[in-house]
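Undergrad: Pasting a structure here, questions to come.
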Amino acid sequence: MDAKSFDKSKLPSRHVTEGPDRAPHRSYYYAMGLTEEEIHQPFVGVVSCWNEAAPCNIALMRQAQAAKAGVKQGLGTPREFCTITVTDGIAMGHQGMKSSLVSREVITDSIELTMRGHSYDAMVGLAGCDKSLPGMMMAMVRLNVPSVFMYGGSILPGRFKGKDVTVVDVFEGVGQHSAGKMSSEDLHELECVACPSAGSCGGQFTANTMACVSEAMGLALPSSSGAPAPYESRDEYAAASGRQVMELVAKGIRPRDIVTRKSLENAATVVAASGGSTNAALHLPAIAHEAGIDFDLFEVAEIFKKTPYIADLKPGGKYVAKDMYDAGGVPMLLKTLNEGGFLHGDCLTVTGKTIAENLETVTFDDTQKVIYPVSNPITPTGGVVGLRGSLAPNGAIVKVAGMSELVFEGPARVFDSEEEAFAAVENKQYEEGDVLVIRYEGPRGGPGMREMLSTTAALYGQGMGDKVALITDGRFSGATRGFCIGHVGPEAAEGGPIGLLENGDMIKIDAEKGTLDVALSQEQLEERASKWQPRETDYQTGTLWKYAQQVGPAFKGAVTHPGGDKEVVCYADI
């Protein structure tokens with residue numbers, strides 16, 4: 001490839017670099033040390049979510065430098081910028097979690113504005129913590145310029161009393177401590193050793209789930225999601241991503257050539273097969289929305305229903321992300337799924353080849369213990385299940401990986417916020433067999449659709465994780481385990497059935513049949529609905545207020561704009 005491979009007259013950056021009337025614009029680039037040759041090459045936005053908020057993001061700037069070097073090797077001109085991210089582990093358990101899902105939209109919007117404002121031609125995106133991965137991929141699909149995604153890598157496992165541990169063990173340690181099952185000294189030792197390096201949470205929580213999605217969907221180079229953040233091999237993957245984006249520019253391959261209904265189905269398959277985060281049922285519809293594809297929770301759940309659970313990963317299983325990487329990574333998982341007929345092998349990827357072509361040289365390793373062959377799954381159906389019923393007409397979601405009992409029935413114990421529920425759990429103000437209901441935590445009602453890891457982890461720490469159930473119109477962390485149903489819709493703030501519940505109402509959850517019902521007649525629900533009054537949140541100004549005005553239902557991805565279906569002019573074609 002040489003510079004003549006790129007026709008600048010057809011690229012967005014021509015608006016800032018070409019012709020006599022762009023002399024003022026070029027003067028800025030000379031001010032930053034660019035040569036004339038570099039100014040007339042394609043401009044590639046290299047965006048990361050680097051910050052000092054958490055270990056998830058701290059290694060991203062290092063990897064971005066390698067990606068920039070790769071872009072230069074491919075005869076492009078990299079332009080680095082950062083966007084925000086909210087790290088769930090630190091936002092968890094307090095009002096800060098209201099910012100988490102909102103940050104996904106802000107990440108996407110801010111990338112769009114930076115790319116549009118400076119007329120960049122292509123994009124390499126590096127992300128670490130949960131919402132930054134889908135946010136980055138949503139921006140790629142929205143802009144539709146040649147793009148390569150790269151995950152920043154997982155954290156190394158900690159060691160406590162001879163066992164691998166993650167941050168979830170610390171959250172559960174809080175519950176053990178409150179129940180008198182862990183000393184203050186042990187809890188302190190655990191918190192000091194649980195997170196020994198840079199990188200995102202080590203189990204198959206939301207970050208690692210969406211990292212697997214990036215490969216399965218075709219937006220990331222094969223194996224690039226697997227190596228832990230501290231490994232220097234990540235820098236070579238970043239450089240390769242930079243070189244590859246220039247190949248995509250030369251060949252005219254764009255994200256919407258890659259993100260199709262079939263590739264989204266591949267992504268959902270990998271979520272189920274790995275016992276991944278329920279949050280994928282929010283993010284896959286949102287990514288699809290950017291491409292103008294209607295792919296809602298129910299369509300995701302149909303894929304989950306027929307996919308075997310084959311990767312034995314925490315929180316439901318035994319192993320962490322590093323173990324899966326050592327066992328062969330996402331390509332090993334994809335190999336057995338493809339051989340079993342569970343993937344669309346003809347989907348295009350950023351390599352310029354199909355999924356099946358990328359897997360031709362991969363051999364399934366029968367000696368490793370992390371990924372089971374599809375012929376011998378952990379369970380025959382997926383680790384994540386969609387639910388629907390009188391309590392959730394617009395659906396709900398539950399992770400069943402590692403669970404033995406898939407049916408639960410009990411009386412409702414109703415709370416109107418996570419704080420109320422956590423206080424009740426901490427003070428053991430609940431009974432075995434209860435269904436704890438946490439409502440007014442949905443996208444609009446929260447606002448922001450908080451995760452409930454602090455509450456669920458405390459229950460497990462008290463030894464009650466499998467003796468009660470939780471349902472919410474908010475979310476559960478990818479790290480949550482147990483009978484925890486999230487995304488219940490319509491949400492309470494919109495007058496959904498979850499907002500009509502009273503203490504003692506009998507609720508039945510059946511994850512085998514995919515149902516979530518309350519023992520109330522339609523007439524009883526209608527009578528309660530006639531008395532229901534909407535509530536105002538405490539957030540009547542600022543970003544959270546704006547989000548609440550715009551956000552749509554969870555089953556469609558909790559998105560805030562009309563999407564690719566309503567697009568008149570694609571940015572890549574300006």
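Simple scheme: letters A, B, ... for chains in structure tokens order, numbers from 1 for residues in each chain, numbers from 1 for ligands in the order shown.
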Please report as a tab-separated table every residue of region 182-280 of chain A lying within 12 Å of region 371-376 of chain A, along with the nearest atom pair and their distance in Å (one decimal), using only C-alpha atoms.

TA:
```
residue	atom	partner	partner_atom	distance
A:Val270	CA	A:Ile371	CA	11.9
A:Ala273	CA	A:Val374	CA	9.2
A:Ser274	CA	A:Ile371	CA	8.5
A:Gly275	CA	A:Ile371	CA	11.4
```

Undergrad: Residues near region 90-99 of chain A, anyone? I mean within 7 Å using only C-alpha atoms, not counting same-chain ones fewer than 2 positions away, as a ChimeraX atom specification.

TA: /A:86-88,101-103,446-452,454

Undergrad: DSSP on the backbone: which residues in region 482-520 of chain A end up as strand (DSSP E)? Give the answer as a list in words.

TA: Cys484, Ile485, Gly486, Met506, Ile507, Lys508, Ile509, Asp510, Thr515, Leu516, Asp517 and Val518 of chain A

Undergrad: Pick out the closest residue to Asp366 (chain A) from this set: A:Met32, A:Val47, A:Leu333, A:Leu219. Count only C-alpha atoms.

TA: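 Selected residue with least distance to Asp366 (chain A): A:Leu333.
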
Undergrad: Mind pulling up the distance from CA of Ala194 (chain A) to CA of Val174 (chain A)?

TA: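 Interatomic distance, CA of Val174 (chain A) to CA of Ala194 (chain A): 13.4 Å.
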